[in-house]
Amino acid sequence: MSDINLVHEWFNYSTNDLISAKHLFNNLYPKQTEIACYLSQQCAEKALKGFLFFKDTTPPKTHNLVELCQMCIIHDSNFLEIMDACADLTPYGVAVRYPNELAVDDTIAKAAIDKEIHDI
């Protein structure tokens, strides 16, 4: 049986990342697009890892959401529905954190925040 407290912590951290992404994008000027994208990716990563811990599966130390989603699909085929969103968000886990690696704008940041993966 999974450690339900650990699972809750993963989901709480995921929720906090999304709240922070929305705040940085919606309430600051200039909008903090890069960090909002990063936090959106982090939200999804922590949600996927939380699900894996719930299923007594220790996730690898990776920021690759596609890899994590594939692991989730083993337990629940409904995760197929968010594979494209995982692929879209994965680059924001690392590349967006460094200058000249990945350019984002308001439209891209809003799309990252709005990805349906956050509703897992």
# chains A, B, ... in the order shown; residues from 1 in each chain; ligands from 1

call {"tool": "residues_around", "arguments": {"residues": "Ala95 of chain A", "least_positions_apart": "2", "cutoff": "12 Å", "atoms": "only C-alpha atoms", "output": "count of residues only"}}
result
20

call {"tool": "residues_around", "arguments": {"residues": "Glu9 of chain A", "least_positions_apart": "4", "cutoff": "12 Å", "atoms": "only C-alpha atoms", "output": "PyMOL selection string"}}
result
chain A and resi 3-5+13-16+46-47+49-51+53-54

call {"tool": "closest_residue", "arguments": {"among": "A:Leu68, A:Lys22, A:Glu45, A:Asp56", "to": "Leu6 of chain A", "atoms": "only C-alpha atoms"}}
result
A:Asp56

call {"tool": "atom_distance", "arguments": {"atom1": "atom CA of Pro60 of chain A", "atom2": "atom CA of Ala21 of chain A"}}
result
24.2 Å

call {"tool": "residues_around", "arguments": {"residues": "segment 75-81 of chain A", "least_positions_apart": "6", "cutoff": "9 Å", "atoms": "only C-alpha atoms", "output": "list in words"}}
result
Leu52, Lys55, Cys69, Ile117 and Ile120 of chain A

call {"tool": "select_by_dssp", "arguments": {"residues": "segment 22-52 of chain A", "states": "helix (DSSP H, G or I)", "output": "MDAnalysis selection string"}}
result
chainID A and resid 22:26 33:52

call {"tool": "write_last_selection", "arguments": {"atoms": "N, CA and C atoms", "output": "compact mmCIF listing (two decimals), in the first residue's frame"}}
result
# COMPACT_ATOMS: atom_id res chain seq x y z
N LYS A 22 0.18 30.71 -12.08
CA LYS A 22 -0.92 31.62 -12.41
C LYS A 22 -0.68 33.01 -11.83
N HIS A 23 -0.20 33.07 -10.60
CA HIS A 23 0.07 34.36 -9.97
C HIS A 23 1.15 35.12 -10.72
N LEU A 24 2.24 34.46 -11.03
CA LEU A 24 3.35 35.12 -11.72
C LEU A 24 2.95 35.60 -13.11
N PHE A 25 2.06 34.87 -13.74
CA PHE A 25 1.62 35.26 -15.08
C PHE A 25 0.52 36.32 -15.04
N ASN A 26 -0.44 36.15 -14.15
CA ASN A 26 -1.61 37.01 -14.14
C ASN A 26 -1.46 38.29 -13.33
N THR A 33 6.82 35.07 -17.81
CA THR A 33 6.44 33.97 -18.71
C THR A 33 7.32 32.73 -18.54
N GLU A 34 8.62 32.91 -18.45
CA GLU A 34 9.52 31.75 -18.36
C GLU A 34 9.26 30.95 -17.09
N ILE A 35 9.19 31.63 -15.97
CA ILE A 35 8.98 30.91 -14.71
C ILE A 35 7.57 30.33 -14.64
N ALA A 36 6.60 30.98 -15.27
CA ALA A 36 5.24 30.43 -15.31
C ALA A 36 5.23 29.12 -16.10
N CYS A 37 5.97 29.07 -17.21
CA CYS A 37 6.08 27.84 -17.99
C CYS A 37 6.78 26.75 -17.17
N TYR A 38 7.87 27.13 -16.52
CA TYR A 38 8.61 26.16 -15.69
C TYR A 38 7.71 25.59 -14.60
N LEU A 39 6.99 26.45 -13.90
CA LEU A 39 6.13 25.98 -12.82
C LEU A 39 4.96 25.14 -13.34
N SER A 40 4.50 25.43 -14.54
CA SER A 40 3.45 24.59 -15.15
C SER A 40 3.97 23.18 -15.40
N GLN A 41 5.21 23.10 -15.90
CA GLN A 41 5.84 21.79 -16.12
C GLN A 41 6.02 21.08 -14.77
N GLN A 42 6.46 21.83 -13.77
CA GLN A 42 6.68 21.24 -12.45
C GLN A 42 5.38 20.72 -11.83
N CYS A 43 4.31 21.46 -12.04
CA CYS A 43 2.99 21.03 -11.56
C CYS A 43 2.65 19.67 -12.15
N ALA A 44 2.80 19.56 -13.46
CA ALA A 44 2.48 18.30 -14.13
C ALA A 44 3.41 17.18 -13.67
N GLU A 45 4.69 17.48 -13.57
CA GLU A 45 5.66 16.46 -13.14
C GLU A 45 5.31 15.91 -11.76
N LYS A 46 4.98 16.79 -10.84
CA LYS A 46 4.68 16.36 -9.48
C LYS A 46 3.36 15.60 -9.41
N ALA A 47 2.40 15.98 -10.25
CA ALA A 47 1.13 15.25 -10.28
C ALA A 47 1.35 13.83 -10.81
N LEU A 48 2.13 13.71 -11.88
CA LEU A 48 2.41 12.38 -12.43
C LEU A 48 3.18 11.52 -11.42
N LYS A 49 4.17 12.10 -10.79
CA LYS A 49 4.95 11.36 -9.80
C LYS A 49 4.08 10.99 -8.59
N GLY A 50 3.19 11.89 -8.21
CA GLY A 50 2.26 11.57 -7.11
C GLY A 50 1.39 10.38 -7.45
N PHE A 51 0.90 10.34 -8.68
CA PHE A 51 0.09 9.20 -9.11
C PHE A 51 0.91 7.91 -9.07
N LEU A 52 2.15 7.98 -9.53
CA LEU A 52 2.99 6.78 -9.52
C LEU A 52 3.24 6.31 -8.09

call {"tool": "closest_residue", "arguments": {"among": "A:Val96, A:Thr62, A:Thr107, A:Leu18", "to": "Lys31 of chain A", "atoms": "only C-alpha atoms"}}
result
A:Thr107

call {"tool": "atom_distance", "arguments": {"atom1": "atom CA of Ile108 of chain A", "atom2": "atom CA of Pro59 of chain A"}}
result
27.8 Å
